[in-house]
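Working notes, structure below.
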Amino acid sequence: MHNSAYQTALDWLFQQFPSYQLIGDRAYKPTLDNIRKLADAFGNPEEQLRFIHVAGTNGKGSSSSMMASILQESGETVGLFTSPHLLDFRERIRVNGAVISEQDVIEFVAKIQHLKLDFEPSFFEITFIMALHYFLSQNCTICVIETGMGGRLDATNIVKPLISVITNISKDHEKHLGSHLYQIAREKAGIMKDGVPTVFGEQKFKEATTAIISSAKEKEIDLFFAEKMVKDDELYEYELPMIGNYQFNNLRTILAALQLIEKEFPAYKDFIQIGLKNIQQNTGLIGRMQVMDRKPLLVYDVSHNEDGVRETINSILPYSKNSILHILFGASADKDVKSVIKALPLSAKLHFTSFHHDRSMEIEQLKAVGKEMGRNAISHNNPKEALSAIRLAAKEDDVILVMGSFFLIAELLK
């Protein structure tokens, strides 16, 4: 149970400032003006800290966590800023794995209230400044910052990092970032800064790669390709604590970035494997191809766009070669559910559910989309009841995959 003062501060924060996690598109504020004013009001903490800035469509959360865990194991005091949270707001702000304290949140909210701002920052902007303020107070030696949405106009883009990292690019948040991969890539490329090298990870789509290269040329940025820097034989020396080859692509990107800043963190090479092994306790990373049980194999994954879902499916299929793959799927109403359902294998036994959140796609709507796509699915009104029914019906060698939304995974973890 949270203490009442913390809950009051949190309620005020969520009510006072629009949160994308709660209300979706209406919370998006495409400008850096507010965040700059806020940073100024708190003494510009971004000028007193060192950063690694991570953008991308899929994998930026996993990559940020890998980076933070490896650096923490090598002796650094690491601030980690990620979003969204699954169970508790404080998950977004961590130092060496420990979440920000309730008291620190209470005190920061009191400071914001005292400022009597003459503008309305977003929930994300407030949270980011809270993170920087906290990282400074904890004497962090490096801060790993995951962008929220896009890059160019994301609140996190006020930092000047040691290195910028772009994991991969595919379609998501088209309403804000553009409907074409080229446009989306240009937005992500907005985190590139003068004098700061950039590592680009998985180059799956030529259109996106072209946009990244042209942006780097325009800005005269040193651009490095992870695939050229880290070869497969080096990569597969390491064991990952999650299922999925695409996580090796994230690891490749992180190792390439660490190579480029090795002078700053010379000890990191000796701590890569231990950093990967301890990623959950060091960063709280959950819901990324996370094995929850073995017989039957139960995996939670937060993939929620077509490209991410295809990667997840490709990673899980080898485990269900001779058995049935059961998929429990729920989605936010603002997602392109058609393209996601299209990516789900026809051989899988499909289950639909809705979750208890304002942004959840209603079960009837999900069923209608499924029917339109020619997919028969069993419908459940409640995720926990759905999972219980699936586990009861599944054989020991079957595979159960729960996916489609952070909110769905969060509800099952409660």
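By order in the structure tokens, chains are A, B, ...; within a chain, residues start at 1; ligands start at 1, following the order shown.
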Sorted by chain and rising residue number, list the residues of region 184-206 of chain A at most 12 Å from region 236-260 of chain A (counting only C-alpha atoms), each with its closest atom pair and distance in Å to one decimal, as JSON lines.
{"residue": "A:Val196", "atom": "CA", "partner": "A:Leu260", "partner_atom": "CA", "distance": 10.6}
{"residue": "A:Pro197", "atom": "CA", "partner": "A:Leu260", "partner_atom": "CA", "distance": 8.1}
{"residue": "A:Thr198", "atom": "CA", "partner": "A:Ala257", "partner_atom": "CA", "distance": 8.0}
{"residue": "A:Val199", "atom": "CA", "partner": "A:Ala257", "partner_atom": "CA", "distance": 6.0}
{"residue": "A:Phe200", "atom": "CA", "partner": "A:Thr253", "partner_atom": "CA", "distance": 7.1}
{"residue": "A:Gly201", "atom": "CA", "partner": "A:Thr253", "partner_atom": "CA", "distance": 5.0}
{"residue": "A:Glu202", "atom": "CA", "partner": "A:Asn249", "partner_atom": "CA", "distance": 6.6}
{"residue": "A:Gln203", "atom": "CA", "partner": "A:Asn249", "partner_atom": "CA", "distance": 10.2}
{"residue": "A:Lys204", "atom": "CA", "partner": "A:Asn249", "partner_atom": "CA", "distance": 11.0}
Please, could you write that set of residues out with all heavy atoms as a compact mmCIF listing (two decimals), in the first residue's frame?
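part02.txt, written as the output of this step:
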# COMPACT_ATOMS: atom_id res chain seq x y z
N VAL A 196 28.03 14.88 -31.27
CA VAL A 196 27.66 13.65 -30.55
C VAL A 196 27.52 12.51 -31.55
O VAL A 196 26.70 12.58 -32.46
CB VAL A 196 26.32 13.83 -29.78
CG1 VAL A 196 25.93 12.53 -29.08
CG2 VAL A 196 26.41 14.98 -28.79
N PRO A 197 28.31 11.43 -31.42
CA PRO A 197 28.16 10.31 -32.36
C PRO A 197 26.81 9.62 -32.18
O PRO A 197 26.23 9.63 -31.09
CB PRO A 197 29.31 9.37 -31.98
CG PRO A 197 29.67 9.72 -30.58
CD PRO A 197 29.35 11.18 -30.40
N THR A 198 26.32 9.02 -33.25
CA THR A 198 25.05 8.29 -33.21
C THR A 198 25.26 6.86 -33.69
O THR A 198 25.92 6.63 -34.70
CB THR A 198 23.99 8.97 -34.10
OG1 THR A 198 23.72 10.27 -33.60
CG2 THR A 198 22.69 8.17 -34.13
N VAL A 199 24.69 5.91 -32.94
CA VAL A 199 24.69 4.51 -33.37
C VAL A 199 23.28 4.16 -33.83
O VAL A 199 22.30 4.41 -33.13
CB VAL A 199 25.09 3.57 -32.21
CG1 VAL A 199 24.84 2.11 -32.59
CG2 VAL A 199 26.55 3.75 -31.86
N PHE A 200 23.20 3.60 -35.04
CA PHE A 200 21.92 3.14 -35.58
C PHE A 200 21.92 1.63 -35.57
O PHE A 200 22.85 0.99 -36.07
CB PHE A 200 21.72 3.69 -37.00
CG PHE A 200 20.40 3.36 -37.62
CD1 PHE A 200 19.23 3.34 -36.86
CD2 PHE A 200 20.31 3.07 -38.96
CE1 PHE A 200 18.00 3.04 -37.44
CE2 PHE A 200 19.08 2.77 -39.55
CZ PHE A 200 17.92 2.75 -38.78
N GLY A 201 20.88 1.04 -34.98
CA GLY A 201 20.82 -0.42 -34.82
C GLY A 201 20.32 -1.12 -36.06
O GLY A 201 20.89 -1.01 -37.15
N GLU A 202 19.21 -1.78 -35.91
CA GLU A 202 18.69 -2.65 -36.96
C GLU A 202 18.21 -1.86 -38.17
O GLU A 202 17.33 -1.03 -38.08
CB GLU A 202 17.51 -3.42 -36.36
CG GLU A 202 17.20 -4.71 -37.01
CD GLU A 202 16.03 -5.38 -36.32
OE1 GLU A 202 15.62 -4.94 -35.24
OE2 GLU A 202 15.54 -6.34 -36.89
N GLN A 203 18.80 -2.15 -39.33
CA GLN A 203 18.42 -1.44 -40.57
C GLN A 203 17.50 -2.33 -41.40
O GLN A 203 17.89 -2.89 -42.41
CB GLN A 203 19.68 -1.11 -41.37
CG GLN A 203 20.68 -0.27 -40.60
CD GLN A 203 22.05 -0.42 -41.20
OE1 GLN A 203 22.28 -0.08 -42.34
NE2 GLN A 203 22.98 -0.96 -40.43
N LYS A 204 16.27 -2.46 -40.95
CA LYS A 204 15.35 -3.39 -41.60
C LYS A 204 14.70 -2.77 -42.84
O LYS A 204 14.44 -3.45 -43.82
CB LYS A 204 14.27 -3.79 -40.59
CG LYS A 204 13.43 -4.96 -41.07
CD LYS A 204 12.42 -5.36 -40.02
CE LYS A 204 13.09 -6.09 -38.89
NZ LYS A 204 12.12 -6.53 -37.89
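In this comparison, which uses only C-alpha atoms, the residue of A:Asp118, A:Glu385, A:Asp104, A:Asp336 approaching Phe135 (chain A) most closely is A:Asp104.
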| query | To one decimal place, how far is CA of Lys231 (chain A) from CA of Glu262 (chain A) in Å? | reply |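 Separation of CA of Lys231 (chain A) and CA of Glu262 (chain A): 17.7 Å.
Going from CA of Ala189 (chain A) over to CA of Ser214 (chain A), you cover 9.6 Å.
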| field | Expected answer as number ranges by chain: alpha helix (DSSP H) residues in region 19-246 of chain A | value | A: 20-23, 33-41, 60-73, 102-115, 123-137, 174-177, 181-188, 206-219, 226-229, 232-235, 246
| message | I want to know what sits within 9 Å of Glu91 (chain A), based on only C-alpha atoms, with residues of the same chain fewer than 6 positions away left out; could you give that as a PyMOL selection string? | response | chain A and resi 81-85+98-100+283-284
| query | So which residues touch Ile221 (chain A) within 10 Å, counting only C-alpha atoms, skipping near sequence neighbours fewer than 5 positions away, as an MDAnalysis selection string? | reply | chainID A and resid 192:198 213 215:216
Please produce an output containing N, CA and C atoms for each residue in the selection, written as a PDB file, in the first residue's frame.
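Saved as result00.pdb:
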ATOM      1  N   MET A 192      19.763  13.360 -32.849  1.00  0.00           N
ATOM      2  CA  MET A 192      21.175  13.563 -33.217  1.00  0.00           C
ATOM      3  C   MET A 192      21.586  14.995 -32.912  1.00  0.00           C
ATOM      4  N   LYS A 193      22.774  15.140 -32.343  1.00  0.00           N
ATOM      5  CA  LYS A 193      23.234  16.483 -31.988  1.00  0.00           C
ATOM      6  C   LYS A 193      24.673  16.704 -32.422  1.00  0.00           C
ATOM      7  N   ASP A 194      24.976  17.958 -32.664  1.00  0.00           N
ATOM      8  CA  ASP A 194      26.299  18.370 -33.107  1.00  0.00           C
ATOM      9  C   ASP A 194      27.374  17.866 -32.144  1.00  0.00           C
ATOM     10  N   GLY A 195      28.375  17.200 -32.690  1.00  0.00           N
ATOM     11  CA  GLY A 195      29.495  16.731 -31.870  1.00  0.00           C
ATOM     12  C   GLY A 195      29.223  15.455 -31.100  1.00  0.00           C
ATOM     13  N   VAL A 196      28.025  14.877 -31.269  1.00  0.00           N
ATOM     14  CA  VAL A 196      27.662  13.650 -30.548  1.00  0.00           C
ATOM     15  C   VAL A 196      27.521  12.507 -31.554  1.00  0.00           C
ATOM     16  N   PRO A 197      28.306  11.428 -31.422  1.00  0.00           N
ATOM     17  CA  PRO A 197      28.160  10.310 -32.358  1.00  0.00           C
ATOM     18  C   PRO A 197      26.809   9.615 -32.184  1.00  0.00           C
ATOM     19  N   THR A 198      26.321   9.021 -33.250  1.00  0.00           N
ATOM     20  CA  THR A 198      25.047   8.291 -33.206  1.00  0.00           C
ATOM     21  C   THR A 198      25.259   6.863 -33.686  1.00  0.00           C
ATOM     22  N   ILE A 213      20.519   8.360 -42.630  1.00  0.00           N
ATOM     23  CA  ILE A 213      21.779   8.755 -43.276  1.00  0.00           C
ATOM     24  C   ILE A 213      21.715  10.205 -43.748  1.00  0.00           C
ATOM     25  N   SER A 215      19.785  12.623 -42.633  1.00  0.00           N
ATOM     26  CA  SER A 215      19.752  13.513 -41.454  1.00  0.00           C
ATOM     27  C   SER A 215      21.151  13.702 -40.885  1.00  0.00           C
ATOM     28  N   ALA A 216      21.916  12.600 -40.817  1.00  0.00           N
ATOM     29  CA  ALA A 216      23.278  12.664 -40.289  1.00  0.00           C
ATOM     30  C   ALA A 216      24.168  13.537 -41.169  1.00  0.00           C
TER      31      ALA A 216
END
| If you count only C-alpha atoms, which residues fall within 10 Å of Leu387 (chain A), apart from same-chain ones fewer than 5 positions away, as a list in words? | Leu298, His326, Ile327, Leu328, His351, Thr353, His380, Asn382, Leu392, Ala393, Ile400, Leu401, Val402 and Leu412 of chain A
Residues as selected, all heavy atoms, written as a CSV table (one decimal), in the first residue's frame, can you do that?
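Output contents, as saved in selection.csv:
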chain,number,residue,atom,x,y,z
A,298,LEU,N,5.0,-20.1,-20.5
A,298,LEU,CA,4.1,-18.9,-20.5
A,298,LEU,C,5.0,-17.7,-20.6
A,298,LEU,O,6.0,-17.5,-19.8
A,298,LEU,CB,3.3,-18.8,-19.2
A,298,LEU,CG,2.6,-17.5,-18.9
A,298,LEU,CD1,1.5,-17.3,-19.9
A,298,LEU,CD2,2.0,-17.6,-17.5
A,326,HIS,N,-1.0,-20.8,-27.9
A,326,HIS,CA,-2.2,-20.1,-27.5
A,326,HIS,C,-1.7,-18.6,-27.3
A,326,HIS,O,-0.8,-18.3,-26.7
A,326,HIS,CB,-2.6,-20.6,-26.1
A,326,HIS,CG,-2.9,-22.0,-26.1
A,326,HIS,ND1,-4.2,-22.6,-26.2
A,326,HIS,CD2,-2.0,-23.1,-25.9
A,326,HIS,CE1,-4.1,-23.9,-26.1
A,326,HIS,NE2,-2.8,-24.2,-26.0
A,327,ILE,N,-2.5,-17.7,-28.0
A,327,ILE,CA,-2.2,-16.2,-27.8
A,327,ILE,C,-3.3,-15.5,-27.2
A,327,ILE,O,-4.5,-15.6,-27.7
A,327,ILE,CB,-1.9,-15.6,-29.2
A,327,ILE,CG1,-0.7,-16.3,-29.9
A,327,ILE,CG2,-1.7,-14.1,-29.1
A,327,ILE,CD1,-0.4,-15.7,-31.3
A,328,LEU,N,-3.0,-14.9,-26.1
A,328,LEU,CA,-4.0,-14.0,-25.4
A,328,LEU,C,-3.7,-12.6,-25.8
A,328,LEU,O,-2.6,-12.1,-25.5
A,328,LEU,CB,-4.0,-14.2,-23.9
A,328,LEU,CG,-4.9,-13.2,-23.1
A,328,LEU,CD1,-6.3,-13.4,-23.5
A,328,LEU,CD2,-4.7,-13.5,-21.6
A,351,HIS,N,-7.1,-15.9,-28.5
A,351,HIS,CA,-8.0,-15.4,-27.4
A,351,HIS,C,-7.9,-13.9,-27.4
A,351,HIS,O,-6.9,-13.3,-27.3
A,351,HIS,CB,-7.6,-16.0,-26.1
A,351,HIS,CG,-7.7,-17.5,-26.0
A,351,HIS,ND1,-8.7,-18.1,-25.3
A,351,HIS,CD2,-6.9,-18.4,-26.5
A,351,HIS,CE1,-8.5,-19.4,-25.4
A,351,HIS,NE2,-7.4,-19.6,-26.2
A,353,THR,N,-9.1,-10.3,-25.2
A,353,THR,CA,-9.6,-9.8,-24.0
A,353,THR,C,-9.5,-8.3,-24.0
A,353,THR,O,-8.8,-7.7,-24.8
A,353,THR,CB,-8.9,-10.4,-22.8
A,353,THR,OG1,-9.5,-10.0,-21.6
A,353,THR,CG2,-7.4,-9.9,-22.7
A,380,HIS,N,-12.8,-13.1,-23.9
A,380,HIS,CA,-12.9,-13.1,-22.5
A,380,HIS,C,-13.0,-11.6,-22.0
A,380,HIS,O,-12.3,-10.8,-22.5
A,380,HIS,CB,-11.6,-13.7,-21.9
A,380,HIS,CG,-11.2,-15.0,-22.4
A,380,HIS,ND1,-11.6,-16.2,-21.8
A,380,HIS,CD2,-10.5,-15.4,-23.5
A,380,HIS,CE1,-11.1,-17.2,-22.5
A,380,HIS,NE2,-10.5,-16.8,-23.6
A,382,ASN,N,-12.2,-10.6,-19.0
A,382,ASN,CA,-11.3,-10.4,-17.9
A,382,ASN,C,-9.9,-11.1,-18.2
A,382,ASN,O,-9.9,-12.3,-18.4
A,382,ASN,CB,-11.9,-10.9,-16.6
A,382,ASN,CG,-11.0,-10.7,-15.4
A,382,ASN,OD1,-9.9,-11.2,-15.4
A,382,ASN,ND2,-11.5,-10.0,-14.4
A,392,LEU,N,-5.6,-23.9,-18.1
A,392,LEU,CA,-6.4,-25.1,-17.8
A,392,LEU,C,-6.5,-26.0,-19.1
A,392,LEU,O,-6.4,-27.2,-19.0
A,392,LEU,CB,-7.8,-24.7,-17.3
A,392,LEU,CG,-8.5,-25.7,-16.4
A,392,LEU,CD1,-7.7,-25.9,-15.1
A,392,LEU,CD2,-9.9,-25.2,-16.0
A,393,ALA,N,-6.7,-25.4,-20.2
A,393,ALA,CA,-6.9,-26.1,-21.5
A,393,ALA,C,-5.6,-26.5,-22.1
A,393,ALA,O,-5.6,-27.5,-22.9
A,393,ALA,CB,-7.7,-25.2,-22.5
A,400,ILE,N,2.0,-20.6,-24.3
A,400,ILE,CA,1.1,-19.5,-24.1
A,400,ILE,C,1.8,-18.1,-24.2
A,400,ILE,O,2.7,-17.9,-23.5
A,400,ILE,CB,0.4,-19.6,-22.7
A,400,ILE,CG1,-0.3,-21.0,-22.5
A,400,ILE,CG2,-0.7,-18.5,-22.6
A,400,ILE,CD1,-0.8,-21.2,-21.1
A,401,LEU,N,1.3,-17.3,-25.1
A,401,LEU,CA,1.9,-16.0,-25.3
A,401,LEU,C,0.9,-14.9,-25.0
A,401,LEU,O,-0.2,-14.9,-25.6
A,401,LEU,CB,2.4,-15.8,-26.7
A,401,LEU,CG,2.9,-14.4,-27.1
A,401,LEU,CD1,4.1,-14.0,-26.4
A,401,LEU,CD2,3.2,-14.4,-28.6
A,402,VAL,N,1.2,-14.1,-24.0
A,402,VAL,CA,0.3,-13.0,-23.7
A,402,VAL,C,0.9,-11.7,-24.2
A,402,VAL,O,2.0,-11.4,-23.9
A,402,VAL,CB,0.1,-12.8,-22.1
A,402,VAL,CG1,-0.9,-11.7,-21.8
A,402,VAL,CG2,-0.4,-14.1,-21.5
A,412,LEU,N,-2.2,-8.3,-15.4
A,412,LEU,CA,-1.9,-9.6,-15.0
A,412,LEU,C,-0.9,-9.7,-13.9
A,412,LEU,O,-0.8,-10.7,-13.2
A,412,LEU,CB,-1.5,-10.4,-16.2
A,412,LEU,CG,-2.6,-10.7,-17.2
A,412,LEU,CD1,-2.0,-11.3,-18.5
A,412,LEU,CD2,-3.6,-11.7,-16.7
| Of the residues A:Ser360, A:Gln273, A:Gln365, A:Gln7, which is the one nearest to Gly330 (chain A), using only C-alpha atoms? | A:Ser360
| Shortest interatomic distance to Lys37 (chain A) - which of A:Ile363, A:Val105, A:Leu87, A:Ile129, counting only C-alpha atoms | A:Ile129
| task | Write out as a PyMOL selection string all residues of region 56-170 of chain A that DSSP puts in strand (DSSP E or B) for this structure's backbone. | result | chain A and resi 78-81+93-95+98-99+142-146+163-166
| said: List as a VMD selection string the protein and nucleic acid residues near region 51-64 of chain A, meaning an atom at most 7 Å away when only C-alpha atoms are counted, but skip any in the same chain fewer than 4 places from it. | reply: chain A and resid 68 82 142 to 147 151 160 to 170 172 188 250 to 251 254 308
Output for the residues just chosen: N, CA, C and O atoms as a compact mmCIF listing (two decimals), in the first residue's frame:
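New file selection-v8.txt:
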# COMPACT_ATOMS: atom_id res chain seq x y z
N ALA A 68 21.95 0.27 -18.98
CA ALA A 68 21.99 0.69 -17.57
C ALA A 68 22.54 -0.41 -16.68
O ALA A 68 23.36 -0.16 -15.78
N THR A 82 12.63 5.58 -18.00
CA THR A 82 11.90 4.82 -19.01
C THR A 82 10.41 5.11 -18.89
O THR A 82 9.95 5.69 -17.91
N ILE A 142 26.15 8.56 -14.68
CA ILE A 142 25.64 8.46 -16.05
C ILE A 142 24.13 8.24 -15.98
O ILE A 142 23.65 7.55 -15.09
N CYS A 143 23.41 8.83 -16.91
CA CYS A 143 21.95 8.68 -16.96
C CYS A 143 21.56 8.12 -18.32
O CYS A 143 21.93 8.69 -19.35
N VAL A 144 20.83 7.02 -18.32
CA VAL A 144 20.34 6.42 -19.56
C VAL A 144 18.89 6.86 -19.74
O VAL A 144 18.04 6.59 -18.89
N ILE A 145 18.65 7.57 -20.83
CA ILE A 145 17.35 8.22 -21.04
C ILE A 145 16.66 7.62 -22.27
O ILE A 145 17.16 7.70 -23.38
N GLU A 146 15.49 7.03 -22.03
CA GLU A 146 14.67 6.52 -23.14
C GLU A 146 13.70 7.60 -23.57
O GLU A 146 13.01 8.19 -22.74
N THR A 147 13.65 7.87 -24.87
CA THR A 147 12.69 8.87 -25.36
C THR A 147 11.27 8.35 -25.13
O THR A 147 11.03 7.15 -25.02
N GLY A 151 11.40 11.80 -31.19
CA GLY A 151 12.76 12.20 -30.84
C GLY A 151 12.93 13.70 -30.90
O GLY A 151 13.23 14.36 -29.91
N LYS A 160 22.13 16.82 -23.88
CA LYS A 160 23.22 16.63 -24.84
C LYS A 160 24.02 15.42 -24.34
O LYS A 160 24.79 15.52 -23.38
N PRO A 161 23.84 14.27 -24.99
CA PRO A 161 24.43 13.04 -24.47
C PRO A 161 25.86 12.80 -24.93
O PRO A 161 26.37 13.50 -25.82
N LEU A 162 26.48 11.78 -24.33
CA LEU A 162 27.79 11.32 -24.80
C LEU A 162 27.62 10.60 -26.13
O LEU A 162 28.48 10.65 -26.99
N ILE A 163 26.47 9.92 -26.27
CA ILE A 163 26.16 9.20 -27.50
C ILE A 163 24.65 9.11 -27.67
O ILE A 163 23.91 9.01 -26.68
N SER A 164 24.20 9.16 -28.92
CA SER A 164 22.79 8.96 -29.23
C SER A 164 22.63 7.57 -29.84
O SER A 164 23.47 7.14 -30.63
N VAL A 165 21.56 6.89 -29.47
CA VAL A 165 21.31 5.53 -29.94
C VAL A 165 19.92 5.46 -30.55
O VAL A 165 18.94 5.87 -29.93
N ILE A 166 19.83 4.94 -31.78
CA ILE A 166 18.52 4.71 -32.41
C ILE A 166 18.44 3.21 -32.68
O ILE A 166 19.19 2.67 -33.49
N THR A 167 17.53 2.53 -31.98
CA THR A 167 17.50 1.07 -32.03
C THR A 167 17.00 0.55 -33.37
O THR A 167 17.68 -0.18 -34.07
N ASN A 168 15.79 0.87 -33.73
CA ASN A 168 15.22 0.48 -35.02
C ASN A 168 14.04 1.40 -35.32
O ASN A 168 13.62 2.17 -34.45
N ILE A 169 13.51 1.30 -36.51
CA ILE A 169 12.40 2.18 -36.88
C ILE A 169 11.36 1.38 -37.65
O ILE A 169 11.66 0.68 -38.61
N SER A 170 10.12 1.49 -37.18
CA SER A 170 8.99 0.92 -37.91
C SER A 170 7.78 1.81 -37.62
O SER A 170 7.91 2.84 -36.95
N ASP A 172 4.61 3.34 -35.94
CA ASP A 172 3.92 3.46 -34.65
C ASP A 172 3.68 4.95 -34.44
O ASP A 172 4.46 5.79 -34.89
N LYS A 188 12.76 10.50 -35.39
CA LYS A 188 13.68 9.80 -34.48
C LYS A 188 15.09 10.39 -34.60
O LYS A 188 15.81 10.53 -33.61
N ASN A 250 19.16 -5.80 -30.22
CA ASN A 250 19.27 -4.71 -29.24
C ASN A 250 20.64 -4.74 -28.55
O ASN A 250 21.27 -3.70 -28.36
N LEU A 251 21.09 -5.95 -28.21
CA LEU A 251 22.40 -6.09 -27.56
C LEU A 251 23.51 -5.61 -28.50
O LEU A 251 24.45 -4.92 -28.07
N ILE A 254 23.68 -1.87 -28.39
CA ILE A 254 24.22 -1.39 -27.11
C ILE A 254 25.74 -1.59 -27.05
O ILE A 254 26.49 -0.71 -26.61
N GLY A 308 6.92 -5.07 -34.20
CA GLY A 308 7.28 -5.67 -32.91
C GLY A 308 6.61 -7.02 -32.71
O GLY A 308 7.22 -7.98 -32.22
| Shortest interatomic distance to Val109 (chain A) - which of A:Asp11, A:Asp40, A:Glu76, A:Glu234, counting only C-alpha atoms |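 Residue with the minimum atom-to-atom distance to Val109 (chain A): A:Asp11.
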| Smallest atom-to-atom distance to Arg36 (chain A): which of A:Thr141, A:Asn157, A:Gln103, A:Asn96, using only C-alpha atoms? |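 Among A:Thr141, A:Asn157, A:Gln103, A:Asn96, it is A:Asn157 that comes nearest to Arg36 (chain A).
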| task | Can you work out the spacing between CA of Met292 (chain A) and CA of Ala386 (chain A) in Å, to one decimal? | result | 15.8 Å
| task | Rank A:Glu46, A:Val399, A:His356, A:Leu71 by their smallest atom-to-atom distance to Ile272 (chain A), using only C-alpha atoms, and report the top residue only. | result |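 Of A:Glu46, A:Val399, A:His356, A:Leu71, the one nearest Ile272 (chain A) is A:Leu71, counting only C-alpha atoms.
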